[in-house]
file run_6.tsv (TSV, C-alpha atoms)
chain	number	residue	atom	x	y	z
A	1	MET	CA	0.00	0.00	0.00
A	2	VAL	CA	2.13	2.84	-1.32
A	3	PRO	CA	0.86	6.43	-1.40
A	4	LYS	CA	0.15	7.81	-4.86
A	5	THR	CA	1.06	11.42	-4.15
A	6	GLY	CA	4.26	13.21	-3.17
A	7	ASN	CA	7.65	13.31	-4.82
A	8	ARG	CA	9.18	10.40	-2.91
A	9	LYS	CA	7.57	7.57	-0.99
A	10	VAL	CA	8.41	7.38	2.70
A	11	ALA	CA	8.64	4.29	4.87
A	12	VAL	CA	9.27	3.46	8.49
A	13	VAL	CA	12.30	1.19	8.29
A	14	GLY	CA	13.40	0.85	11.91
A	15	VAL	CA	11.68	0.88	15.32
A	16	ALA	CA	12.79	0.01	18.83
A	17	LEU	CA	12.21	0.55	22.53
A	18	SER	CA	14.89	1.22	25.10
A	19	ASP	CA	14.62	-0.51	28.45
A	20	CYS	CA	11.23	0.52	29.86
A	21	GLY	CA	9.27	0.35	33.08
A	22	LYS	CA	11.40	0.72	36.18
A	23	VAL	CA	14.81	1.86	34.94
A	24	ASP	CA	16.80	3.31	37.83
A	25	GLY	CA	20.33	3.43	36.44
A	26	PRO	CA	20.57	5.10	33.01
A	27	THR	CA	20.14	8.81	32.31
A	28	PRO	CA	17.57	10.05	29.79
A	29	TYR	CA	20.43	10.57	27.34
A	30	ALA	CA	21.41	6.93	27.72
A	31	LEU	CA	17.85	5.81	27.02
A	32	HIS	CA	17.84	7.96	23.88
A	33	ALA	CA	21.06	6.31	22.75
A	34	GLN	CA	19.88	2.80	23.57
A	35	ALA	CA	16.65	3.23	21.62
A	36	ALA	CA	18.46	4.85	18.69
A	37	ARG	CA	21.04	2.06	18.42
A	38	ARG	CA	18.33	-0.58	18.54
A	39	ALA	CA	16.20	1.15	15.88
A	40	LEU	CA	19.20	1.53	13.61
A	41	ALA	CA	20.05	-2.16	14.06
A	42	ASP	CA	16.41	-3.00	13.33
A	43	SER	CA	16.63	-1.09	10.05
A	44	GLY	CA	19.87	-2.69	8.86
A	45	LEU	CA	21.11	0.69	7.63
A	46	ASP	CA	24.43	2.29	8.48
A	47	ARG	CA	24.45	5.24	10.86
A	48	SER	CA	25.99	7.40	8.17
A	49	THR	CA	22.69	7.16	6.27
A	50	ILE	CA	20.91	9.30	8.88
A	51	ASP	CA	20.83	12.92	7.74
A	52	GLY	CA	17.75	14.08	9.63
A	53	PHE	CA	17.02	14.16	13.34
A	54	ALA	CA	14.01	15.05	15.48
A	55	SER	CA	13.83	15.23	19.26
A	56	ALA	CA	12.08	17.22	21.99
A	57	GLY	CA	11.92	17.42	25.75
A	58	LEU	CA	15.55	17.02	26.80
A	59	GLY	CA	18.26	19.63	27.21
A	60	ALA	CA	18.36	23.40	26.91
A	61	LEU	CA	18.76	23.01	23.15
A	62	ALA	CA	16.74	19.85	22.83
A	63	PRO	CA	17.66	18.47	19.40
A	64	VAL	CA	21.20	19.84	19.42
A	65	GLU	CA	22.28	18.29	22.71
A	66	VAL	CA	20.74	14.91	21.98
A	67	ALA	CA	22.13	14.80	18.43
A	68	GLU	CA	25.59	15.58	19.78
A	69	TYR	CA	25.26	12.83	22.39
A	70	LEU	CA	24.34	10.39	19.62
A	71	GLY	CA	27.22	11.52	17.44
A	72	LEU	CA	24.94	12.82	14.68
A	73	ARG	CA	25.38	15.93	12.55
A	74	PRO	CA	22.03	16.19	10.73
A	75	ARG	CA	21.32	18.55	7.86
A	76	TRP	CA	17.58	18.54	8.67
A	77	THR	CA	16.12	18.82	12.16
A	78	ASP	CA	12.86	19.31	14.03
A	79	SER	CA	12.23	20.17	17.68
A	80	THR	CA	8.48	20.75	17.52
A	81	SER	CA	7.06	20.30	21.02
A	82	VAL	CA	3.29	20.05	21.36
A	83	GLY	CA	3.04	17.57	24.22
A	84	GLY	CA	2.13	13.95	23.62
A	85	ALA	CA	1.26	14.62	19.98
A	86	THR	CA	4.84	15.76	19.33
A	87	TRP	CA	5.96	12.54	17.69
A	88	GLU	CA	3.10	12.13	15.23
A	89	VAL	CA	3.58	15.78	14.24
A	90	MET	CA	7.34	15.22	13.89
A	91	ALA	CA	6.72	12.10	11.81
A	92	ALA	CA	4.52	14.19	9.51
A	93	HIS	CA	7.23	16.83	9.17
A	94	ALA	CA	9.90	14.20	8.59
A	95	ALA	CA	7.82	12.46	5.92
A	96	ASP	CA	7.28	15.79	4.15
A	97	ALA	CA	11.01	16.55	4.29
A	98	ILE	CA	11.94	13.16	2.87
A	99	ALA	CA	9.29	13.40	0.16
A	100	ALA	CA	10.65	16.81	-0.83
A	101	GLY	CA	14.25	15.58	-0.93
A	102	HIS	CA	15.49	17.57	2.06
A	103	ALA	CA	16.59	14.37	3.85
A	104	ARG	CA	16.90	10.65	3.09
A	105	ALA	CA	16.64	9.11	6.56
A	106	VAL	CA	15.24	10.85	9.64
A	107	LEU	CA	15.60	9.51	13.17
A	108	LEU	CA	12.94	10.32	15.77
A	109	VAL	CA	14.00	9.49	19.33
A	110	TYR	CA	12.69	9.99	22.86
A	111	GLY	CA	13.73	8.97	26.37
A	112	SER	CA	12.67	9.86	29.90
A	113	THR	CA	13.37	8.79	33.46
A	114	ALA	CA	10.25	10.47	34.86
A	115	ARG	CA	9.53	7.69	37.36
A	116	ALA	CA	13.11	7.30	38.54
A	117	ASP	CA	13.59	11.06	38.88
A	118	LEU	CA	10.47	11.39	41.00
A	119	LYS	CA	11.49	8.42	43.14
A	120	VAL	CA	14.83	9.94	44.18
A	121	GLY	CA	13.68	13.55	44.30
A	122	ARG	CA	15.36	14.90	41.17
A	123	ARG	CA	11.97	16.33	40.22
A	124	THR	CA	8.53	16.79	41.71
A	125	ALA	CA	5.14	15.79	40.33
A	126	ASN	CA	3.74	18.48	38.07
A	127	LEU	CA	0.11	19.33	38.75
A	128	SER	CA	0.08	21.99	36.06
A	129	PHE	CA	2.28	23.33	33.29
A	130	GLY	CA	2.96	26.56	35.19
A	131	ALA	CA	1.15	29.86	35.50
A	132	ARG	CA	2.44	31.99	32.65
A	133	GLY	CA	0.59	33.22	29.61
A	134	PRO	CA	-3.02	32.05	29.29
A	135	LEU	CA	-2.49	29.55	32.12
A	136	GLN	CA	-2.28	32.40	34.65
A	137	PHE	CA	-6.06	32.56	34.55
A	138	GLU	CA	-6.49	28.87	35.47
A	139	ALA	CA	-3.57	27.57	37.56
A	140	PRO	CA	-4.14	29.83	40.62
A	141	TYR	CA	-7.59	28.32	41.05
A	142	GLY	CA	-6.31	24.76	41.31
A	143	HIS	CA	-7.21	23.83	37.76
A	144	THR	CA	-4.69	21.02	37.45
A	145	LEU	CA	-3.78	19.07	34.35
A	146	ILE	CA	-5.94	16.10	35.31
A	147	ALA	CA	-8.82	18.43	36.25
A	148	LYS	CA	-8.96	19.65	32.66
A	149	TYR	CA	-9.38	16.10	31.35
A	150	ALA	CA	-11.90	15.34	34.09
A	151	MET	CA	-14.00	18.36	33.16
A	152	ALA	CA	-14.05	17.26	29.53
A	153	ALA	CA	-15.07	13.74	30.51
A	154	ARG	CA	-17.85	15.06	32.72
A	155	ARG	CA	-19.18	17.16	29.86
A	156	HIS	CA	-19.32	14.10	27.60
A	157	MET	CA	-21.12	12.17	30.33
A	158	HIS	CA	-23.64	14.99	30.78
A	159	GLN	CA	-24.22	15.55	27.08
A	160	TYR	CA	-24.27	11.96	25.80
A	161	GLY	CA	-24.98	9.80	28.82
A	162	THR	CA	-21.54	8.19	28.88
A	163	THR	CA	-21.14	6.22	32.09
A	164	PRO	CA	-18.24	5.64	34.50
A	165	GLU	CA	-18.55	1.94	33.68
A	166	GLN	CA	-17.95	2.62	29.98
A	167	LEU	CA	-14.87	4.71	30.74
A	168	ALA	CA	-13.65	1.91	33.00
A	169	GLU	CA	-13.98	-0.55	30.12
A	170	VAL	CA	-11.16	1.31	28.36
A	171	ALA	CA	-8.82	0.64	31.29
A	172	VAL	CA	-9.93	-2.98	31.62
A	173	GLN	CA	-9.30	-3.75	27.95
A	174	ALA	CA	-5.97	-1.93	27.93
A	175	ARG	CA	-4.87	-4.08	30.85
A	176	ALA	CA	-6.06	-7.22	29.08
A	177	ASN	CA	-3.93	-6.28	26.07
A	178	ALA	CA	-0.97	-5.61	28.37
A	179	GLY	CA	-1.37	-9.12	29.72
A	180	HIS	CA	-0.06	-10.38	26.38
A	181	ASN	CA	2.91	-7.98	26.40
A	182	PRO	CA	5.96	-9.16	28.38
A	183	GLU	CA	7.35	-5.60	28.27
A	184	ALA	CA	4.27	-4.04	29.89
A	185	MET	CA	4.72	-2.58	33.36
A	186	PHE	CA	1.35	-3.85	34.66
A	187	ARG	CA	-0.16	-7.10	33.38
A	188	THR	CA	-2.50	-8.35	36.10
A	189	PRO	CA	-6.12	-8.30	34.88
A	190	ILE	CA	-8.50	-5.74	36.37
A	191	THR	CA	-12.29	-5.48	36.41
A	192	VAL	CA	-14.70	-2.61	35.90
A	193	GLU	CA	-15.56	-2.83	39.59
A	194	GLU	CA	-11.90	-2.51	40.58
A	195	VAL	CA	-11.51	0.55	38.40
A	196	LEU	CA	-14.60	2.22	39.84
A	197	SER	CA	-13.75	1.43	43.47
A	198	GLY	CA	-10.21	2.81	43.33
A	199	PRO	CA	-9.12	6.04	45.00
A	200	MET	CA	-10.65	9.12	43.39
A	201	ILE	CA	-8.09	11.36	41.66
A	202	ALA	CA	-10.30	13.85	39.80
A	203	ASP	CA	-13.99	13.06	39.37
A	204	PRO	CA	-14.83	10.91	37.40
A	205	PHE	CA	-11.27	9.51	37.23
A	206	THR	CA	-10.13	7.03	39.82
A	207	LYS	CA	-6.53	5.86	39.89
A	208	LEU	CA	-6.96	3.18	37.20
A	209	HIS	CA	-8.55	5.69	34.83
A	210	CYS	CA	-5.13	7.41	34.75
A	211	CYS	CA	-1.90	6.52	32.98
A	212	ILE	CA	0.98	4.97	34.86
A	213	ARG	CA	4.31	6.70	35.44
A	214	SER	CA	7.29	4.85	34.01
A	215	ASP	CA	10.75	5.27	32.57
A	216	GLY	CA	11.64	4.44	29.00
A	217	GLY	CA	12.45	5.54	25.50
A	218	CYS	CA	11.94	4.59	21.88
A	219	ALA	CA	13.05	5.48	18.38
A	220	VAL	CA	11.64	5.42	14.86
A	221	LEU	CA	13.65	5.69	11.64
A	222	LEU	CA	11.92	6.95	8.49
A	223	ALA	CA	13.58	6.71	5.08
A	224	ALA	CA	13.06	7.40	1.41
A	225	ALA	CA	11.85	4.54	-0.76
A	226	ASP	CA	15.19	4.27	-2.55
A	227	LEU	CA	16.78	3.12	0.73
A	228	VAL	CA	14.21	0.38	1.31
A	229	PRO	CA	16.08	-2.30	-0.70
A	230	ASP	CA	18.99	-1.91	1.74
A	231	THR	CA	16.89	-2.36	4.87
A	232	ALA	CA	16.55	-5.50	6.96
A	233	LYS	CA	12.75	-5.52	7.31
A	234	ALA	CA	9.77	-5.06	5.03
A	235	PRO	CA	8.79	-1.38	4.88
A	236	VAL	CA	5.76	0.12	6.57
A	237	TRP	CA	4.66	3.06	4.44
A	238	VAL	CA	3.56	6.46	5.70
A	239	LEU	CA	0.31	6.84	3.78
A	240	GLY	CA	-1.07	10.06	5.20
A	241	THR	CA	-0.65	12.48	8.09
A	242	GLY	CA	-2.55	15.31	9.73
A	243	GLU	CA	-1.97	17.77	12.55
A	244	HIS	CA	-4.08	20.32	14.39
A	245	LEU	CA	-3.80	22.83	17.24
A	246	SER	CA	-6.99	23.43	19.19
A	247	HIS	CA	-6.57	25.66	22.26
A	248	SER	CA	-4.49	26.45	25.32
A	249	ALA	CA	-6.99	28.04	27.70
A	250	MET	CA	-10.01	25.89	28.46
A	251	SER	CA	-12.20	28.95	27.86
A	252	GLU	CA	-11.06	28.90	24.22
A	253	TRP	CA	-12.07	25.26	23.68
A	254	ALA	CA	-15.30	25.45	21.71
A	255	ASP	CA	-16.56	21.96	22.63
A	256	PHE	CA	-15.18	19.77	25.42
A	257	THR	CA	-16.55	16.69	23.65
A	258	VAL	CA	-14.52	17.21	20.44
A	259	SER	CA	-10.77	16.59	20.43
A	260	PRO	CA	-8.30	17.98	17.86
A	261	ALA	CA	-8.12	14.47	16.38
A	262	ALA	CA	-11.37	15.38	14.62
A	263	VAL	CA	-9.27	17.55	12.31
A	264	SER	CA	-5.92	15.70	12.25
A	265	GLY	CA	-7.65	12.38	11.69
A	266	ARG	CA	-9.78	13.63	8.83
A	267	LEU	CA	-6.73	15.11	7.13
A	268	ALA	CA	-4.66	11.96	7.59
A	269	PHE	CA	-7.36	9.67	6.20
A	270	GLU	CA	-8.04	11.98	3.25
A	271	ARG	CA	-4.36	12.21	2.37
A	272	ALA	CA	-3.93	8.45	2.74
A	273	GLY	CA	-6.97	7.77	0.58
A	274	VAL	CA	-8.50	5.40	3.12
A	275	ARG	CA	-11.62	5.37	5.27
A	276	PRO	CA	-11.75	4.80	9.04
A	277	GLU	CA	-13.64	1.54	8.51
A	278	GLU	CA	-10.65	0.17	6.58
A	279	ILE	CA	-8.30	0.61	9.56
A	280	GLU	CA	-7.52	-2.68	11.28
A	281	LEU	CA	-5.86	-1.46	14.48
A	282	ALA	CA	-5.44	1.85	16.26
A	283	GLU	CA	-2.79	3.15	18.64
A	284	ILE	CA	-4.26	6.08	20.56
A	285	TYR	CA	-2.80	8.33	23.22
A	286	ASP	CA	-4.37	7.32	26.52
A	287	ALA	CA	-3.17	9.39	29.45
A	288	PHE	CA	-6.76	9.00	30.69
A	289	THR	CA	-9.57	6.68	29.65
A	290	TYR	CA	-11.66	9.51	28.22
A	291	MET	CA	-8.92	10.30	25.71
A	292	THR	CA	-9.31	6.90	24.10
A	293	LEU	CA	-13.09	7.13	23.97
A	294	VAL	CA	-13.35	10.62	22.48
A	295	THR	CA	-10.49	10.04	20.02
A	296	LEU	CA	-12.25	6.94	18.69
A	297	GLU	CA	-15.28	9.14	17.98
A	298	ASP	CA	-13.27	11.92	16.40
A	299	LEU	CA	-11.30	9.56	14.15
A	300	GLY	CA	-14.61	8.35	12.79
A	301	PHE	CA	-14.77	4.85	14.24
A	302	CYS	CA	-18.15	5.66	15.72
A	303	ALA	CA	-20.51	8.64	15.76
A	304	LYS	CA	-20.14	11.52	18.20
A	305	GLY	CA	-21.63	10.53	21.53
A	306	GLU	CA	-21.50	6.80	20.78
A	307	GLY	CA	-18.00	6.18	22.13
A	308	GLY	CA	-19.30	4.79	25.40
A	309	ALA	CA	-21.32	2.09	23.67
A	310	PHE	CA	-18.50	1.45	21.19
A	311	VAL	CA	-15.89	0.55	23.82
A	312	GLU	CA	-18.14	-2.05	25.41
A	313	LYS	CA	-18.21	-5.75	24.53
A	314	GLY	CA	-14.45	-6.10	24.11
A	315	ARG	CA	-14.11	-4.15	20.88
A	316	LEU	CA	-10.68	-2.77	21.89
A	317	LEU	CA	-9.09	-6.11	22.73
A	318	ARG	CA	-6.29	-7.64	20.68
A	319	ASP	CA	-8.85	-9.96	19.09
A	320	GLY	CA	-11.69	-7.43	19.14
A	321	GLU	CA	-13.46	-5.60	16.34
A	322	LEU	CA	-10.93	-2.73	16.46
A	323	PRO	CA	-7.81	-3.59	18.48
A	324	VAL	CA	-6.70	-0.45	20.31
A	325	ASN	CA	-3.43	0.10	22.19
A	326	THR	CA	-2.37	-3.46	21.66
A	327	ASP	CA	0.69	-3.14	23.91
A	328	GLY	CA	-1.42	-2.03	26.88
A	329	GLY	CA	-1.06	1.68	26.21
A	330	GLY	CA	-0.16	4.38	28.67
A	331	LEU	CA	-2.72	2.96	31.07
A	332	SER	CA	-0.81	-0.29	31.57
A	333	ALA	CA	2.32	-0.71	29.41
A	334	CYS	CA	4.43	2.43	29.82
A	335	HIS	CA	4.07	6.18	30.02
A	336	PRO	CA	7.34	8.01	30.61
A	337	GLY	CA	6.00	11.42	29.58
A	338	MET	CA	5.34	12.23	25.92
A	339	ARG	CA	4.18	8.80	24.80
A	340	GLY	CA	3.33	9.54	21.18
A	341	LEU	CA	6.39	7.85	19.69
A	342	PHE	CA	5.50	4.56	21.38
A	343	LEU	CA	2.27	4.53	19.36
A	344	LEU	CA	4.22	4.49	16.11
A	345	VAL	CA	6.54	1.73	17.32
A	346	GLU	CA	3.65	-0.53	18.29
A	347	ALA	CA	1.74	0.12	15.06
A	348	VAL	CA	4.78	-0.78	12.97
A	349	ARG	CA	5.46	-3.94	14.97
A	350	GLN	CA	1.87	-5.06	14.50
A	351	LEU	CA	1.90	-4.44	10.74
A	352	ARG	CA	5.18	-6.34	10.43
A	353	GLY	CA	3.84	-9.27	12.44
A	354	GLU	CA	6.47	-8.82	15.18
A	355	ALA	CA	4.21	-8.37	18.20
A	356	GLY	CA	4.52	-11.91	19.53
A	357	GLU	CA	1.76	-13.07	21.85
A	358	ARG	CA	-0.18	-9.82	21.40
A	359	GLN	CA	-0.06	-9.97	17.59
A	360	VAL	CA	-3.31	-8.95	15.91
A	361	ARG	CA	-4.61	-11.43	13.36
A	362	LYS	CA	-7.50	-10.82	11.03
A	363	ALA	CA	-9.78	-13.32	9.30
A	364	GLY	CA	-7.89	-16.38	8.15
A	365	GLY	CA	-4.92	-15.51	10.34
A	366	ARG	CA	-3.60	-12.75	8.09
A	367	LEU	CA	-1.66	-9.77	9.40
A	368	PRO	CA	-3.30	-6.34	9.47
A	369	ARG	CA	-2.50	-4.06	6.53
A	370	LEU	CA	-3.63	-0.65	7.76
A	371	ALA	CA	-3.09	1.07	11.12
A	372	VAL	CA	-3.49	4.53	12.58
A	373	ALA	CA	-1.48	6.20	15.33
A	374	SER	CA	-3.03	9.29	16.86
A	375	GLY	CA	-1.27	11.35	19.51
A	376	THR	CA	-2.79	14.03	21.73
A	377	GLY	CA	-0.90	16.78	23.51
A	378	GLY	CA	-1.54	19.01	26.51
A	379	TRP	CA	-5.18	18.83	27.59
A	380	PHE	CA	-6.51	18.09	24.11
A	381	CYS	CA	-4.52	21.12	22.92
A	382	SER	CA	-2.92	19.41	19.92
A	383	SER	CA	-3.18	16.32	17.80
A	384	GLY	CA	-1.14	14.45	15.22
A	385	THR	CA	-2.41	11.45	13.26
A	386	VAL	CA	-0.43	9.08	11.04
A	387	VAL	CA	-1.90	6.39	8.80
A	388	LEU	CA	0.48	3.49	8.13
A	389	GLY	CA	0.22	0.58	5.72
A	390	ARG	CA	2.23	-2.39	4.47
A	391	ASP	CA	2.49	-3.93	1.03
call {"tool": "encode", "arguments": {"input": "run_6.tsv", "output": "structure tokens"}}
result
Amino acid sequence: MVPKTGNRKVAVVGVALSDCGKVDGPTPYALHAQAARRALADSGLDRSTIDGFASAGLGALAPVEVAEYLGLRPRWTDSTSVGGATWEVMAAHAADAIAAGHARAVLLVYGSTARADLKVGRRTANLSFGARGPLQFEAPYGHTLIAKYAMAARRHMHQYGTTPEQLAEVAVQARANAGHNPEAMFRTPITVEEVLSGPMIADPFTKLHCCIRSDGGCAVLLAAADLVPDTAKAPVWVLGTGEHLSHSAMSEWADFTVSPAAVSGRLAFERAGVRPEEIELAEIYDAFTYMTLVTLEDLGFCAKGEGGAFVEKGRLLRDGELPVNTDGGGLSACHPGMRGLFLLVEAVRQLRGEAGERQVRKAGGRLPRLAVASGTGGWFCSSGTVVLGRD
């Protein structure tokens, strides 16, 4: 499935995770390097092939410091930082650059020791993103990051009748998927009742409605089609991408029940020339259960307001109607901060048939051919969506 537009076709040719979960020894730089080396080895290409580099979230000069640590001197770079959606947006920019001939191979890499840093006191938990700019009108009143998501979820519940039990189903199915992933941080099954009876964090979210805190990193290598014959694995093609910025202040968000994926998803599907109903698995940013539910609506997998009913009956399971977050997602597998790049890694592994016990199989045992990765940043402030396909 190769895109028909653009000057040069672009493929994902290498993906990898660093050590993830509880990683107390390495620095974030070391996790970047570990993931990058593994992705390069996965691709079969030589390091000298990399002429583009994208990174965010580490260092005073984020891409410069990390590139230097990795021994890279790229001629194309990107440091776009829009929260969890950063990596889908960067992948879109990298694909455009490769298609235009500005680079041949672009490495996207991320690493964080958020859990380890908090454990030893190198950082504190962040309840908000600060109190400058538009946030000065919200932060002083205790409007924390999670409170913003909770308000949005409550609005959806009020407007469409979505229930706490339906939101809990997202966490239950993510944990079930994680049970098939030996790299997942939490694998023990949970029930809807256990989710609902947990300690309240921000109504309606109890603890298990919220993502875990972990360490970890990952890397993705994109390359021009002319490099594909030299790679070690079958290519996974970038078929279409979309990005969208929605708001910063909650007062500027027109509708709490519509995420920016409504725009980025539509653009990505249009540019890929595919329909949502053709997608065979979805990797969706899930810092909170409501994110999964509303993103499914906004990507077009169900109508607005029907997300609650859609997530019932095991639809999101590895062997469900639409497998979602097949590695366990941020709710159970790993969430070291900006998780968007992990979505791309898992989507590629699934399309290649490399997901082991959690591998998605369609009718007749065939591998899936089309996947979507959709990242969300801030408190639904930004979105990036990437449609991927294999030959």
call {"tool": "atom_distance", "arguments": {"input": "run_6.tsv", "atom1": "atom CA of A:Arg154", "atom2": "atom CA of A:Met291"}}
result
12.3 Å
call {"tool": "residues_around", "arguments": {"input": "run_6.tsv", "residues": "A:Glu312", "least_positions_apart": "3", "cutoff": "9 Å", "atoms": "all atoms listed in the file", "output": "MDAnalysis selection string"}}
result
chainID A and resid 166 169:170 307:309 315:316
call {"tool": "closest_residue", "arguments": {"input": "run_6.tsv", "among": "A:Leu222, A:Leu331, A:Val324, A:Ala150", "to": "A:Phe256", "atoms": "only C-alpha atoms"}}
result
A:Ala150
call {"tool": "closest_residue", "arguments": {"input": "run_6.tsv", "among": "A:Ala268, A:Leu72, A:Met250, A:Ala35", "to": "A:Val89", "atoms": "all atoms listed in the file"}}
result
A:Ala268
call {"tool": "closest_atom_pairs", "arguments": {"input": "run_6.tsv", "of": "stretch 81-176 of chain A", "to": "stretch 196-215 of chain A", "cutoff": "9 Å", "atoms": "only C-alpha atoms", "output": "Markdown table"}}
result
| residue | atom | partner | partner_atom | distance |
| --- | --- | --- | --- | --- |
| A:Gly111 | CA | A:Asp215 | CA | 7.8 |
| A:Ser112 | CA | A:Asp215 | CA | 5.6 |
| A:Thr113 | CA | A:Asp215 | CA | 4.5 |
| A:Ala114 | CA | A:Asp215 | CA | 5.7 |
| A:Arg115 | CA | A:Ser214 | CA | 4.9 |
| A:Ala116 | CA | A:Asp215 | CA | 6.7 |
| A:Ile146 | CA | A:Ala202 | CA | 6.7 |
| A:Ala147 | CA | A:Ala202 | CA | 6.0 |
| A:Tyr149 | CA | A:Ala202 | CA | 8.8 |
| A:Ala150 | CA | A:Ala202 | CA | 6.1 |
| A:Met151 | CA | A:Asp203 | CA | 8.2 |
| A:Ala153 | CA | A:Pro204 | CA | 7.5 |
| A:Arg154 | CA | A:Pro204 | CA | 6.9 |
| A:Pro164 | CA | A:Pro204 | CA | 6.9 |
| A:Glu165 | CA | A:Leu196 | CA | 7.3 |
| A:Leu167 | CA | A:His209 | CA | 7.6 |
| A:Ala168 | CA | A:His209 | CA | 6.6 |
| A:Val170 | CA | A:His209 | CA | 8.2 |
| A:Ala171 | CA | A:His209 | CA | 6.2 |
| A:Val172 | CA | A:Leu208 | CA | 8.8 |
call {"tool": "residues_around", "arguments": {"input": "run_6.tsv", "residues": "A:Leu70", "least_positions_apart": "5", "cutoff": "12 Å", "atoms": "all atoms listed in the file", "output": "list in words"}}
result
Tyr29, Ala30, Leu31, His32, Ala33, Gln34, Ala35, Ala36, Arg37, Leu40, Arg47, Ser48, Ile50, Phe53, Ser55, Pro63, Val64, Glu65, Leu107 and Val109 of chain A
call {"tool": "closest_residue", "arguments": {"input": "run_6.tsv", "among": "A:Leu145, A:Leu317, A:Ile279, A:Val372", "to": "A:Ala176", "atoms": "all atoms listed in the file"}}
result
A:Leu317
call {"tool": "atom_distance", "arguments": {"input": "run_6.tsv", "atom1": "atom CA of A:Asn7", "atom2": "atom CA of A:Ser81"}}
result
26.8 Å
call {"tool": "residues_near_point", "arguments": {"input": "run_6.tsv", "point": "(-6.8, 14.9, 1.5)", "cutoff": "12 Å", "atoms": "all atoms listed in the file", "output": "list in words"}}
result
Pro3, Lys4, Thr5, Leu239, Gly240, Thr241, Gly242, Val263, Ser264, Gly265, Arg266, Leu267, Ala268, Phe269, Glu270, Arg271, Ala272, Gly273, Val274 and Arg275 of chain A
call {"tool": "write_last_selection", "arguments": {"input": "run_6.tsv", "atoms": "C-alpha atoms", "output": "PDB file, in the coordinates of the input"}}
result
ATOM      1  CA  PRO A   3       0.860   6.430  -1.400  1.00  0.00           C
ATOM      2  CA  LYS A   4       0.150   7.810  -4.860  1.00  0.00           C
ATOM      3  CA  THR A   5       1.060  11.420  -4.150  1.00  0.00           C
ATOM      4  CA  LEU A 239       0.310   6.840   3.780  1.00  0.00           C
ATOM      5  CA  GLY A 240      -1.070  10.060   5.200  1.00  0.00           C
ATOM      6  CA  THR A 241      -0.650  12.480   8.090  1.00  0.00           C
ATOM      7  CA  GLY A 242      -2.550  15.310   9.730  1.00  0.00           C
ATOM      8  CA  VAL A 263      -9.270  17.550  12.310  1.00  0.00           C
ATOM      9  CA  SER A 264      -5.920  15.700  12.250  1.00  0.00           C
ATOM     10  CA  GLY A 265      -7.650  12.380  11.690  1.00  0.00           C
ATOM     11  CA  ARG A 266      -9.780  13.630   8.830  1.00  0.00           C
ATOM     12  CA  LEU A 267      -6.730  15.110   7.130  1.00  0.00           C
ATOM     13  CA  ALA A 268      -4.660  11.960   7.590  1.00  0.00           C
ATOM     14  CA  PHE A 269      -7.360   9.670   6.200  1.00  0.00           C
ATOM     15  CA  GLU A 270      -8.040  11.980   3.250  1.00  0.00           C
ATOM     16  CA  ARG A 271      -4.360  12.210   2.370  1.00  0.00           C
ATOM     17  CA  ALA A 272      -3.930   8.450   2.740  1.00  0.00           C
ATOM     18  CA  GLY A 273      -6.970   7.770   0.580  1.00  0.00           C
ATOM     19  CA  VAL A 274      -8.500   5.400   3.120  1.00  0.00           C
ATOM     20  CA  ARG A 275     -11.620   5.370   5.270  1.00  0.00           C
TER      21      ARG A 275
END
call {"tool": "atom_distance", "arguments": {"input": "run_6.tsv", "atom1": "atom CA of A:Arg187", "atom2": "atom CA of A:Leu341"}}
result
21.3 Å
call {"tool": "build_atoms", "arguments": {"input": "run_6.tsv", "residues": "stretch 255-264 of chain A", "atoms": "N, CA and C atoms", "output": "mmCIF file, keeping the file's coordinate frame"}}
result
data_model
loop_
_atom_site.group_PDB
_atom_site.id
_atom_site.type_symbol
_atom_site.label_atom_id
_atom_site.label_comp_id
_atom_site.auth_asym_id
_atom_site.auth_seq_id
_atom_site.Cartn_x
_atom_site.Cartn_y
_atom_site.Cartn_z
ATOM 1 N N ASP A 255 -15.710 23.103 22.264
ATOM 2 C CA ASP A 255 -16.560 21.960 22.630
ATOM 3 C C ASP A 255 -15.708 20.924 23.335
ATOM 4 N N PHE A 256 -15.959 20.714 24.624
ATOM 5 C CA PHE A 256 -15.180 19.770 25.420
ATOM 6 C C PHE A 256 -15.334 18.325 24.942
ATOM 7 N N THR A 257 -16.318 18.061 24.106
ATOM 8 C CA THR A 257 -16.550 16.690 23.650
ATOM 9 C C THR A 257 -15.923 16.417 22.279
ATOM 10 N N VAL A 258 -15.173 17.379 21.743
ATOM 11 C CA VAL A 258 -14.520 17.210 20.440
ATOM 12 C C VAL A 258 -13.029 17.471 20.605
ATOM 13 N N SER A 259 -12.221 16.467 20.309
ATOM 14 C CA SER A 259 -10.770 16.590 20.430
ATOM 15 C C SER A 259 -10.166 17.067 19.109
ATOM 16 N N PRO A 260 -8.926 17.553 19.121
ATOM 17 C CA PRO A 260 -8.300 17.980 17.860
ATOM 18 C C PRO A 260 -8.067 16.853 16.875
ATOM 19 N N ALA A 261 -8.225 15.597 17.314
ATOM 20 C CA ALA A 261 -8.120 14.470 16.380
ATOM 21 C C ALA A 261 -9.225 14.505 15.335
ATOM 22 N N ALA A 262 -10.307 15.255 15.606
ATOM 23 C CA ALA A 262 -11.370 15.380 14.620
ATOM 24 C C ALA A 262 -10.863 16.024 13.343
ATOM 25 N N VAL A 263 -9.865 16.899 13.473
ATOM 26 C CA VAL A 263 -9.270 17.550 12.310
ATOM 27 C C VAL A 263 -8.066 16.749 11.802
ATOM 28 N N SER A 264 -7.133 16.414 12.692
ATOM 29 C CA SER A 264 -5.920 15.700 12.250
ATOM 30 C C SER A 264 -6.261 14.351 11.650
#
